[in-house]
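In what follows, a single structure is set out as structure tokens and then discussed.
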There are 4 protein chains.
Amino acid sequence: MSGNTFGTLFAVTNFGESHGPAIGCVIDGCPPGLALSEADIQPDLDRRRPGTSRHVTQRQEADRVEILSGVYEGHTTGTPICLLIRNTDQRSKDYSDIASTFRPGHADYAYMQKYGRRDPRGGGRSSARMTAPMVAAGAVAKKWLAARHGTRFQGCMQQLGDMEIPFEGWEHVPNNPFFAPVADVSALEAYMDALRKSGDSCGARIRVSASRVPPGLGEPLYDKLDADIAWAMMGINAVKGVEIGAGFASVTQRGSTHGDSLTPEGFASNNAGGVLGGISTGQDLEVSIAIKPTSSIITPRDTIDVQGRPTQVVTKGRHDPCVGIRATPIAEAMLALVVMEHALRQRAQNGDVSPPMAGIEASFL
Amino acid sequence: MSGNTFGTLFAVTNFGESHGPAIGCVIDGCPPGLALSEADIQPDLDRRRPGTSRHVTQRQEADRVEILSGVYEGHTTGTPICLLIRNTDQRSKDYSDIASTFRPGHADYAYMQKYGRRDPRGGGRSSARMTAPMVAAGAVAKKWLAARHGTRFQGCMQQLGDMEIPFEGWEHVPNNPFFAPVADVSALEAYMDALRKSGDSCGARIRVSASRVPPGLGEPLYDKLDADIAWAMMGINAVKGVEIGAGFASVTQRGSTHGDSLTPEGFASNNAGGVLGGISTGQDLEVSIAIKPTSSIITPRDTIDVQGRPTQVVTKGRHDPCVGIRATPIAEAMLALVVMEHALRQRAQNGDVSPPMAGIEASFL
Amino acid sequence: MSGNTFGTLFAVTNFGESHGPAIGCVIDGCPPGLALSEADIQPDLDRRRPGTSRHVTQRQEADRVEILSGVYEGHTTGTPICLLIRNTDQRSKDYSDIASTFRPGHADYAYMQKYGRRDPRGGGRSSARMTAPMVAAGAVAKKWLAARHGTRFQGCMQQLGDMEIPFEGWEHVPNNPFFAPVADVSALEAYMDALRKSGDSCGARIRVSASRVPPGLGEPLYDKLDADIAWAMMGINAVKGVEIGAGFASVTQRGSTHGDSLTPEGFASNNAGGVLGGISTGQDLEVSIAIKPTSSIITPRDTIDVQGRPTQVVTKGRHDPCVGIRATPIAEAMLALVVMEHALRQRAQNGDVSPPMAGIEASFL
Amino acid sequence: MSGNTFGTLFAVTNFGESHGPAIGCVIDGCPPGLALSEADIQPDLDRRRPGTSRHVTQRQEADRVEILSGVYEGHTTGTPICLLIRNTDQRSKDYSDIASTFRPGHADYAYMQKYGRRDPRGGGRSSARMTAPMVAAGAVAKKWLAARHGTRFQGCMQQLGDMEIPFEGWEHVPNNPFFAPVADVSALEAYMDALRKSGDSCGARIRVSASRVPPGLGEPLYDKLDADIAWAMMGINAVKGVEIGAGFASVTQRGSTHGDSLTPEGFASNNAGGVLGGISTGQDLEVSIAIKPTSSIITPRDTIDVQGRPTQVVTKGRHDPCVGIRATPIAEAMLALVVMEHALRQRAQNGDVSPPMAGIEASFL
């Protein structure tokens, strides 16, 4: 209700600040009996963590996760799973300059308007560091969904600032720091090197998809699967746009083109992005998001201070020149959390087994 | 939880089917003391209702709203407001052909996968007719927000299929059936006439905005104001994409351009679309949505029947060739409902008066 | 959130006032495929409705229920079920005297403090008439639970004012207007005749129980099954106390007596009332509630008016001299709604089939 | 939803097990600007913690609370407050005997039915140790309510097993380990010494009350203030009954006696226990709860093992012979959390200032 819990049946309550002693989350509603240890969670955290290339923030955080509850003898018990990540590389003095001014494009001003106070160290609660516990929770959801339904999540970068990135194959994604689906990322590296030198930042476009999603997930009117995906994605720091399937391209499509034909072998195309009427069809979920350029830059910007007087601000400290670079594992995790929530909801209303549809289930899924 | 309630503090529970006896909603959480009658609600319903031009479905529905509860002596009492709209022009026989086949791009297939059964008459629960009660509820929210904060909502069409529509001014919007912000809509009329004749359908892009939105609305991590807007918009029938502020254009912007400078007189631009860190800044909310082409068309399409056998489907009956034409008042209503919800949340956590910020509030708002 | 929705997965949103045009509810989350018609609901409404004996209010309401949505071809579709009950015997003039004074023991004063206004006709929203839609919703829950789990609900009166009522057998309950489990109710009738003549009112104690409740229902910490039962029961108009199993008698029991021994044939006793650690064990749920005497009596009472001046109030109009008499079907319905909610929650987290426990399930259930 | 979050606007998510590394909670929704440190919380934890007299469990836990987030420069920021309490005195070997048998009256059996597995060490998640984080959260609620409304919470023991405890005065409560409102507790001590020697356990009755509760708290139909109190109290480990105001005594009262007269100086009595129609009146909240005897006793009991075979169980380890002894601070905390939640809800719907009632507010409150 106050915006720090994600989901209802698979509810993840997030806590912490960028420069506090620790960040973490509590997962409530994980089904019992899932084999789980820190080793299931750490790899996704490692994909997201800072300091792993020269193109991202140089803050050094091991992001070691500790399971504090909810697991007994290596299996989930059905009770809350608390995941704790200690902050280890805070340099709070870096942020003293910005405590009394507002960075253009940053949450500083809005937090001050909302709460009348804020923790300015590293953006406090508004820091993208808060996505780490979500990546951890997403890893738990991924494991359950893979075990039960064979669902698999993957994502990649589609565009870096002005540079469109062609899709050469998923196999390239783990081999470069951009999560780019291309073999050769030298152009991307050069682009980022120039950007960093200029003291500016850029945006990015990220694709995330899921395969083997059970059909029937999503509620018809307001908790539509695509609506919840849009909510989850727009809730990631710096996201300004979300598309499902054909997205904005559907505006210029004709109905005779957009609607995906059905055949006994399955759908003939996927303009829907895996969702019809807010409910999953069993096709791959396809999502694309726009990420704005980082607001913390060393280029001087016009702004005001907390007394409303005009001033300029320059953001020193350690920042990602393109927050989109580390966004892929975050977007995957958020998609996994949405699917997990709806998989449990579907089970509540319709039971373990979807209502049988003669002749269809076998050929489609 | 099962997807038919929108909001928590201003909770709107929607019920009904396209061809059942009635549709409606129950609003729970409207503050007491608001002067309210059917006359406050009917105008927005009239803007949305079918049969008002040759470019939309010819189903004739008066969409008369009846207040069944929650209002006493002309004022809200703080208890649930039930709004009822009787269906009067159902022609269920029109839909007998499609009861056993699935329209490409339509919710038919997904509903069948989810529930094992469905009401096929007019799309049943998946019909865009379900947006009528939301428009009614939105009118209540609009009235309260206008009275308390001076907030105002407006929307218009930005694109119709391939035709971009220039913005000439809000004053044109009420004067044409497209909600187009242009003086002359003859080109749009010709476009639609040709489309209808072709038996096909097209998409649209809609803009909706809100002015005088109180700052401080939105929760920091997951119930961000922009995330909830994305959720509400993607939940409207046929929406495939949502942008806040600069949206997908922010991918190619530099940080030095995107971040809106602050001055003692206010923000110098509005790439943010009125939201920073998920919290309203007091600037106008700016939202853009993509609406896909209608799936119910008379052009024959390949599909399967409920036994999974290949067949073709032609959708007769009365349908909108572009559902985007009537989407503007719907999008306005959904935006109003999101703002209303967060206005009450803000009051719960922070009280009636936002925390004072010396020197800023006066100049900004 | 504003208190008019009961449940989350089987969510019942209630609307209406005693003397408005209609009362009703929307059930969201009913599983699809349940055979349902008005005939399944009306019998429980008839058990609760007023005017059926001289011992209850003489208001004549047929309480005819109409299903407005969510049922197609005789089966639930999984979408919201709106149940409407028209008010037909309002006599609003009866209540003009009490619009400006507060009845001792009545919600009048509290509503005025909360909302600054109230609908005084028949108690408006605070009327026990609001329980009718809950009885209707409870009938839907009962039908599903009976079909799926064989669960059965029954209740009876245990005490009427000073008169303890011995338990002679469930078979007597339908044969008298008190829901008393005794063959001869002449003493109860004489007691009520004398009470009515005295112009006063009395309380009652009601027992409600459920058999064949699936084990494993209830959440461990806060949504314990017994906690939710206490919430549901204390939420019934006029209830001032709730007991589960041995209830207050457990204060003087020793642990060696209270704890119900387990044997291969089942539990040896039921001090627990069917719940251990907040979770159902498969034993019968046993609940007892205390209902206070009606506050609307013709005996003059000291009070104040809306200006705070001392005055007296006499409540004319038609009232139950003991609201407990009609409370049994209400308490049954509320218990059914709690069990229904938790049956769906259990399915969400643990699937259709509870985790197997070798050798136990067969013998216990 | 899965039962580990208490409240919605002031939401407390609890995690941990009796013998895991730590227990704790996350408070989401605490208003910003409240001065807060560990020193505000520790005193209530110290009142609840074990090992402080010979009449309670001898487990030694300092129950030191650590604030991990949500507080900056000594004040709450409006973001989640994580409170962590490390477990320090686990002796897991004590519990090895009971891992495969079910203690009569204990949650063991129900957990096994629900989840198919359980953490048997110290009762795992079902341990009363889980109330420690709630006492910590309650201390935060108490501080805010005291600062804003002057609300004060207090509780005491009314009965210990067979021994009724007269009310001599609140001032005695802090001076004895029983929270008994009497000067001389030697009889209680003798009672407990004999009980412990017998190897058995006993129940208790606890009173908890709140003064200076704002009027208007509570929602009319289902989230009634008294219903939520009943839910919170019945959710405390071992509670089997809850009364508000006159409670079960109201069954034998006449309406002319039960209804509390209103006078210009206030209510003349408090049979209502501070709640009418589910809404606070401004009178003291008065609650009484029944606590059953501890199920973990050294007296041998008949039971079954996890294979369903008959056996006997004796519970060694360290246990409270009367869990009611330490229940008073827990019940106070739960009452404070309910009032806090409703204070925020009231503010959401009705604003900071309750609707004015001419001439009444001044004299009543």
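By order in the structure tokens, chains are A, B, ...; within a chain, residues start at 1; ligands start at 1, following the order shown.
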For Asp40 (chain C): contacts at 12 Å, only C-alpha atoms, fewer than 2 positions along chain excluded, given as a PDB file with N, CA and C atoms, in the first residue's frame:
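Final output, saved to out.pdb:
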```pdb
ATOM      1  N   LEU C  34     -19.340 -23.617 -11.592  1.00  0.00           N
ATOM      2  CA  LEU C  34     -20.280 -24.010 -10.537  1.00  0.00           C
ATOM      3  C   LEU C  34     -21.705 -23.797 -11.038  1.00  0.00           C
ATOM      4  N   ALA C  35     -22.537 -24.814 -10.995  1.00  0.00           N
ATOM      5  CA  ALA C  35     -23.952 -24.650 -11.350  1.00  0.00           C
ATOM      6  C   ALA C  35     -24.581 -23.712 -10.336  1.00  0.00           C
ATOM      7  N   LEU C  36     -25.219 -22.646 -10.810  1.00  0.00           N
ATOM      8  CA  LEU C  36     -25.745 -21.648  -9.869  1.00  0.00           C
ATOM      9  C   LEU C  36     -26.948 -20.936 -10.449  1.00  0.00           C
ATOM     10  N   SER C  37     -27.991 -20.814  -9.613  1.00  0.00           N
ATOM     11  CA  SER C  37     -29.151 -20.005  -9.979  1.00  0.00           C
ATOM     12  C   SER C  37     -29.690 -19.356  -8.706  1.00  0.00           C
ATOM     13  N   GLU C  38     -30.667 -18.478  -8.864  1.00  0.00           N
ATOM     14  CA  GLU C  38     -31.266 -17.836  -7.707  1.00  0.00           C
ATOM     15  C   GLU C  38     -31.807 -18.859  -6.711  1.00  0.00           C
ATOM     16  N   GLN C  42     -31.853 -18.350  -2.584  1.00  0.00           N
ATOM     17  CA  GLN C  42     -33.058 -17.859  -1.922  1.00  0.00           C
ATOM     18  C   GLN C  42     -33.350 -18.543  -0.588  1.00  0.00           C
ATOM     19  N   PRO C  43     -33.163 -19.856  -0.466  1.00  0.00           N
ATOM     20  CA  PRO C  43     -33.521 -20.498   0.817  1.00  0.00           C
ATOM     21  C   PRO C  43     -32.807 -19.890   2.025  1.00  0.00           C
ATOM     22  N   ASP C  44     -31.516 -19.586   1.892  1.00  0.00           N
ATOM     23  CA  ASP C  44     -30.820 -18.981   3.031  1.00  0.00           C
ATOM     24  C   ASP C  44     -31.328 -17.567   3.300  1.00  0.00           C
ATOM     25  N   LEU C  45     -31.648 -16.832   2.243  1.00  0.00           N
ATOM     26  CA  LEU C  45     -32.243 -15.504   2.437  1.00  0.00           C
ATOM     27  C   LEU C  45     -33.583 -15.618   3.159  1.00  0.00           C
ATOM     28  N   ASP C  46     -34.343 -16.639   2.815  1.00  0.00           N
ATOM     29  CA  ASP C  46     -35.645 -16.806   3.461  1.00  0.00           C
ATOM     30  C   ASP C  46     -35.492 -17.127   4.945  1.00  0.00           C
ATOM     31  N   VAL C  65     -33.646 -12.316  -4.538  1.00  0.00           N
ATOM     32  CA  VAL C  65     -32.325 -12.060  -5.094  1.00  0.00           C
ATOM     33  C   VAL C  65     -32.358 -12.190  -6.613  1.00  0.00           C
ATOM     34  N   GLU C  66     -31.634 -11.303  -7.285  1.00  0.00           N
ATOM     35  CA  GLU C  66     -31.519 -11.328  -8.738  1.00  0.00           C
ATOM     36  C   GLU C  66     -30.028 -11.419  -9.091  1.00  0.00           C
ATOM     37  N   ILE C  67     -29.659 -12.374  -9.927  1.00  0.00           N
ATOM     38  CA  ILE C  67     -28.268 -12.493 -10.389  1.00  0.00           C
ATOM     39  C   ILE C  67     -28.104 -11.612 -11.620  1.00  0.00           C
ATOM     40  N   GLY C  74     -26.421 -21.147 -16.789  1.00  0.00           N
ATOM     41  CA  GLY C  74     -26.579 -21.881 -15.540  1.00  0.00           C
ATOM     42  C   GLY C  74     -25.323 -22.196 -14.773  1.00  0.00           C
ATOM     43  N   HIS C  75     -24.178 -21.688 -15.229  1.00  0.00           N
ATOM     44  CA  HIS C  75     -22.921 -21.956 -14.536  1.00  0.00           C
ATOM     45  C   HIS C  75     -22.143 -20.656 -14.344  1.00  0.00           C
ATOM     46  N   VAL C 135     -25.536 -13.137   3.426  1.00  0.00           N
ATOM     47  CA  VAL C 135     -26.167 -14.453   3.460  1.00  0.00           C
ATOM     48  C   VAL C 135     -26.269 -15.009   2.035  1.00  0.00           C
ATOM     49  N   ALA C 136     -26.567 -14.135   1.086  1.00  0.00           N
ATOM     50  CA  ALA C 136     -26.637 -14.560  -0.313  1.00  0.00           C
ATOM     51  C   ALA C 136     -25.273 -15.035  -0.804  1.00  0.00           C
ATOM     52  N   ALA C 137     -24.241 -14.266  -0.512  1.00  0.00           N
ATOM     53  CA  ALA C 137     -22.889 -14.660  -0.924  1.00  0.00           C
ATOM     54  C   ALA C 137     -22.463 -15.937  -0.216  1.00  0.00           C
ATOM     55  N   GLY C 138     -22.848 -16.043   1.056  1.00  0.00           N
ATOM     56  CA  GLY C 138     -22.516 -17.253   1.809  1.00  0.00           C
ATOM     57  C   GLY C 138     -23.129 -18.496   1.181  1.00  0.00           C
ATOM     58  N   ALA C 139     -24.308 -18.346   0.613  1.00  0.00           N
ATOM     59  CA  ALA C 139     -24.960 -19.495  -0.024  1.00  0.00           C
ATOM     60  C   ALA C 139     -24.148 -19.989  -1.219  1.00  0.00           C
ATOM     61  N   VAL C 140     -23.525 -19.059  -1.937  1.00  0.00           N
ATOM     62  CA  VAL C 140     -22.669 -19.447  -3.065  1.00  0.00           C
ATOM     63  C   VAL C 140     -21.437 -20.199  -2.552  1.00  0.00           C
ATOM     64  N   ALA C 141     -20.839 -19.658  -1.502  1.00  0.00           N
ATOM     65  CA  ALA C 141     -19.672 -20.322  -0.911  1.00  0.00           C
ATOM     66  C   ALA C 141     -20.035 -21.710  -0.401  1.00  0.00           C
ATOM     67  N   LYS C 142     -21.158 -21.792   0.291  1.00  0.00           N
ATOM     68  CA  LYS C 142     -21.602 -23.095   0.812  1.00  0.00           C
ATOM     69  C   LYS C 142     -21.746 -24.123  -0.311  1.00  0.00           C
ATOM     70  N   LYS C 143     -22.308 -23.671  -1.433  1.00  0.00           N
ATOM     71  CA  LYS C 143     -22.539 -24.630  -2.510  1.00  0.00           C
ATOM     72  C   LYS C 143     -21.217 -25.154  -3.076  1.00  0.00           C
ATOM     73  N   TRP C 144     -20.268 -24.247  -3.258  1.00  0.00           N
ATOM     74  CA  TRP C 144     -18.976 -24.681  -3.799  1.00  0.00           C
ATOM     75  C   TRP C 144     -18.254 -25.607  -2.825  1.00  0.00           C
TER      76      TRP C 144
END
```
Item to check | DSSP strand (DSSP E) residues within region 87-210 of chain B, as a PyMOL selection string | outcome: chain B and resi 152-160+163-164+204-210
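For chain C, the residues having at least one atom no farther than 9 Å from chain A, when counting only C-alpha atoms, are Leu9, Phe10, Gly29, Cys30, Pro31, Pro32, Gly78, Thr79, Pro220, Ala343, Leu344, Arg345, Gln346, Arg347, Ala348, Gln349, Asn350, Gly351, Asp352 and Val353 of chain C.
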Expected file: the selected residues, C-alpha atoms, as a tab-separated table (two decimals), in the first residue's frame:
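Final output, out-v9.tsv:
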```
chain	number	residue	atom	x	y	z
C	9	LEU	CA	-9.65	-14.38	-3.30
C	10	PHE	CA	-13.38	-14.84	-2.77
C	29	GLY	CA	-13.29	-14.80	-7.47
C	30	CYS	CA	-15.90	-17.53	-7.58
C	31	PRO	CA	-14.37	-20.46	-9.47
C	32	PRO	CA	-15.87	-21.07	-12.91
C	78	GLY	CA	-15.30	-17.02	-13.16
C	79	THR	CA	-16.25	-13.35	-13.58
C	220	PRO	CA	0.25	-18.99	10.27
C	343	ALA	CA	-9.82	-22.91	0.70
C	344	LEU	CA	-8.79	-20.78	-2.29
C	345	ARG	CA	-5.69	-19.45	-0.49
C	346	GLN	CA	-4.61	-22.95	0.39
C	347	ARG	CA	-4.97	-23.92	-3.25
C	348	ALA	CA	-2.89	-20.95	-4.34
C	349	GLN	CA	0.04	-21.81	-2.14
C	350	ASN	CA	-0.16	-25.55	-1.89
C	351	GLY	CA	-2.09	-26.71	-4.92
C	352	ASP	CA	-5.24	-28.73	-5.20
C	353	VAL	CA	-3.98	-31.58	-3.13
```
Checklist entry - Contacts of Leu195 (chain B) at 12 Å or less, counting only C-alpha atoms, minus same-chain residues fewer than 2 places along, as number ranges by chain? => result A: 254-256; B: 55-56, 160-162, 188-193, 197-203, 293-294, 297-299, 320-322
Checklist entry - Residues at most 12 Å from region 166-179 of chain C, counting only C-alpha atoms, excluding those fewer than 2 positions away in the same chain, as a ChimeraX atom specification? => result /C:43-44,46-56,153-160,163-164,181-189,191-192,204-209,322-332
Writer output for current selection, N, CA and C atoms, as a short mmCIF file (atom, residue, chain, number, x, y, z; two decimals), in the first residue's frame:
```
data_model
loop_
_atom_site.label_atom_id
_atom_site.label_comp_id
_atom_site.auth_asym_id
_atom_site.auth_seq_id
_atom_site.Cartn_x
_atom_site.Cartn_y
_atom_site.Cartn_z
N PRO C 43 -33.16 -19.86 -0.47
CA PRO C 43 -33.52 -20.50 0.82
C PRO C 43 -32.81 -19.89 2.03
N ASP C 44 -31.52 -19.59 1.89
CA ASP C 44 -30.82 -18.98 3.03
C ASP C 44 -31.33 -17.57 3.30
N ASP C 46 -34.34 -16.64 2.81
CA ASP C 46 -35.64 -16.81 3.46
C ASP C 46 -35.49 -17.13 4.94
N ARG C 47 -34.44 -17.84 5.30
CA ARG C 47 -34.20 -18.14 6.71
C ARG C 47 -33.88 -16.87 7.51
N ARG C 48 -33.27 -15.90 6.84
CA ARG C 48 -32.84 -14.68 7.52
C ARG C 48 -33.86 -13.56 7.48
N ARG C 49 -34.79 -13.58 6.52
CA ARG C 49 -35.56 -12.38 6.24
C ARG C 49 -36.53 -12.03 7.38
N PRO C 50 -36.91 -10.75 7.44
CA PRO C 50 -37.75 -10.29 8.54
C PRO C 50 -39.20 -10.65 8.31
N GLY C 51 -40.00 -10.48 9.35
CA GLY C 51 -41.45 -10.59 9.21
C GLY C 51 -41.97 -12.00 9.21
N THR C 52 -41.14 -12.97 9.60
CA THR C 52 -41.58 -14.37 9.50
C THR C 52 -42.17 -14.91 10.80
N SER C 53 -42.06 -14.17 11.89
CA SER C 53 -42.73 -14.57 13.13
C SER C 53 -43.00 -13.31 13.94
N ARG C 54 -43.76 -13.44 15.01
CA ARG C 54 -44.08 -12.25 15.81
C ARG C 54 -42.90 -11.82 16.67
N HIS C 55 -41.84 -12.64 16.70
CA HIS C 55 -40.70 -12.34 17.57
C HIS C 55 -39.64 -11.49 16.90
N VAL C 56 -39.85 -11.17 15.65
CA VAL C 56 -38.86 -10.37 14.92
C VAL C 56 -39.54 -9.13 14.33
N PHE C 153 -22.27 -26.49 6.95
CA PHE C 153 -22.35 -25.47 8.00
C PHE C 153 -23.69 -25.56 8.69
N GLN C 154 -23.68 -25.41 10.01
CA GLN C 154 -24.95 -25.34 10.72
C GLN C 154 -24.76 -24.50 11.98
N GLY C 155 -25.87 -23.94 12.43
CA GLY C 155 -25.81 -23.09 13.62
C GLY C 155 -27.08 -23.22 14.41
N CYS C 156 -27.03 -22.73 15.64
CA CYS C 156 -28.23 -22.75 16.48
C CYS C 156 -28.08 -21.73 17.60
N MET C 157 -29.17 -21.44 18.27
CA MET C 157 -29.15 -20.54 19.41
C MET C 157 -28.81 -21.33 20.67
N GLN C 158 -27.88 -20.80 21.47
CA GLN C 158 -27.50 -21.48 22.70
C GLN C 158 -28.12 -20.83 23.94
N GLN C 159 -28.42 -19.53 23.80
CA GLN C 159 -28.93 -18.80 24.96
C GLN C 159 -29.75 -17.62 24.44
N LEU C 160 -30.88 -17.36 25.09
CA LEU C 160 -31.75 -16.23 24.74
C LEU C 160 -31.89 -15.39 26.00
N MET C 163 -32.04 -17.11 29.38
CA MET C 163 -32.42 -18.52 29.23
C MET C 163 -31.39 -19.34 28.47
N GLU C 164 -30.72 -20.23 29.16
CA GLU C 164 -29.83 -21.19 28.49
C GLU C 164 -30.70 -22.19 27.73
N PRO C 181 -32.14 -25.56 19.21
CA PRO C 181 -31.99 -27.01 19.00
C PRO C 181 -32.82 -27.80 20.00
N VAL C 182 -34.06 -27.35 20.22
CA VAL C 182 -34.94 -28.04 21.16
C VAL C 182 -36.30 -28.29 20.51
N ALA C 183 -36.99 -29.31 21.01
CA ALA C 183 -38.28 -29.67 20.43
C ALA C 183 -39.37 -28.68 20.84
N ASP C 184 -39.31 -28.21 22.07
CA ASP C 184 -40.39 -27.37 22.60
C ASP C 184 -39.87 -25.95 22.86
N VAL C 185 -40.36 -25.00 22.10
CA VAL C 185 -39.88 -23.62 22.26
C VAL C 185 -40.91 -22.73 22.95
N SER C 186 -41.87 -23.32 23.63
CA SER C 186 -42.92 -22.50 24.24
C SER C 186 -42.34 -21.57 25.31
N ALA C 187 -41.34 -22.02 26.04
CA ALA C 187 -40.73 -21.15 27.05
C ALA C 187 -40.05 -19.96 26.38
N LEU C 188 -39.40 -20.21 25.25
CA LEU C 188 -38.74 -19.11 24.54
C LEU C 188 -39.79 -18.12 24.01
N GLU C 189 -40.90 -18.64 23.55
CA GLU C 189 -41.95 -17.77 23.03
C GLU C 189 -42.53 -16.90 24.14
N TYR C 191 -41.01 -16.03 26.83
CA TYR C 191 -39.95 -15.08 27.22
C TYR C 191 -39.97 -13.87 26.29
N MET C 192 -40.07 -14.13 25.00
CA MET C 192 -40.07 -13.03 24.03
C MET C 192 -41.35 -12.20 24.11
N ALA C 204 -28.29 -12.58 23.03
CA ALA C 204 -28.36 -14.01 22.73
C ALA C 204 -26.95 -14.54 22.51
N ARG C 205 -26.84 -15.85 22.63
CA ARG C 205 -25.57 -16.51 22.30
C ARG C 205 -25.85 -17.53 21.21
N ILE C 206 -25.03 -17.51 20.16
CA ILE C 206 -25.25 -18.35 18.99
C ILE C 206 -24.03 -19.26 18.79
N ARG C 207 -24.30 -20.49 18.43
CA ARG C 207 -23.23 -21.43 18.08
C ARG C 207 -23.28 -21.67 16.57
N VAL C 208 -22.12 -21.73 15.96
CA VAL C 208 -22.08 -22.08 14.55
C VAL C 208 -20.90 -23.03 14.35
N SER C 209 -21.12 -24.04 13.51
CA SER C 209 -20.04 -25.01 13.32
C SER C 209 -19.99 -25.46 11.87
N CYS C 322 -34.86 -8.90 19.74
CA CYS C 322 -33.61 -9.64 19.96
C CYS C 322 -33.01 -9.93 18.60
N VAL C 323 -32.00 -9.17 18.22
CA VAL C 323 -31.42 -9.39 16.89
C VAL C 323 -30.76 -10.75 16.78
N GLY C 324 -30.49 -11.36 17.93
CA GLY C 324 -29.89 -12.68 17.92
C GLY C 324 -30.76 -13.74 17.29
N ILE C 325 -32.09 -13.51 17.29
CA ILE C 325 -32.99 -14.54 16.76
C ILE C 325 -32.73 -14.83 15.29
N ARG C 326 -32.42 -13.79 14.54
CA ARG C 326 -32.18 -13.99 13.11
C ARG C 326 -30.69 -14.13 12.79
N ALA C 327 -29.85 -14.23 13.82
CA ALA C 327 -28.40 -14.20 13.59
C ALA C 327 -27.81 -15.52 13.12
N THR C 328 -28.52 -16.62 13.35
CA THR C 328 -27.92 -17.92 13.04
C THR C 328 -27.56 -18.07 11.56
N PRO C 329 -28.48 -17.81 10.63
CA PRO C 329 -28.05 -17.95 9.21
C PRO C 329 -26.97 -16.96 8.81
N ILE C 330 -26.94 -15.82 9.50
CA ILE C 330 -25.88 -14.84 9.20
C ILE C 330 -24.52 -15.40 9.63
N ALA C 331 -24.47 -15.92 10.84
CA ALA C 331 -23.20 -16.46 11.35
C ALA C 331 -22.74 -17.64 10.50
N GLU C 332 -23.66 -18.47 10.08
CA GLU C 332 -23.30 -19.58 9.18
C GLU C 332 -22.67 -19.05 7.89
#
```
Checklist entry - If you count only C-alpha atoms, which residues fall within 9 Å of region 275-286 of chain D, apart from same-chain ones fewer than 6 positions away, as an NGL selection string? => result (:C and (105-111 or 113-114 or 126 or 234-235 or 237-238)) or (:D and (207-227 or 243-246 or 266-267 or 364-365))
Item to check | Those of region 186-308 of chain A in DSSP helix (DSSP H, G or I), formatted as a PyMOL selection string | outcome: chain A and resi 186-198+225-234+247-251+255-258
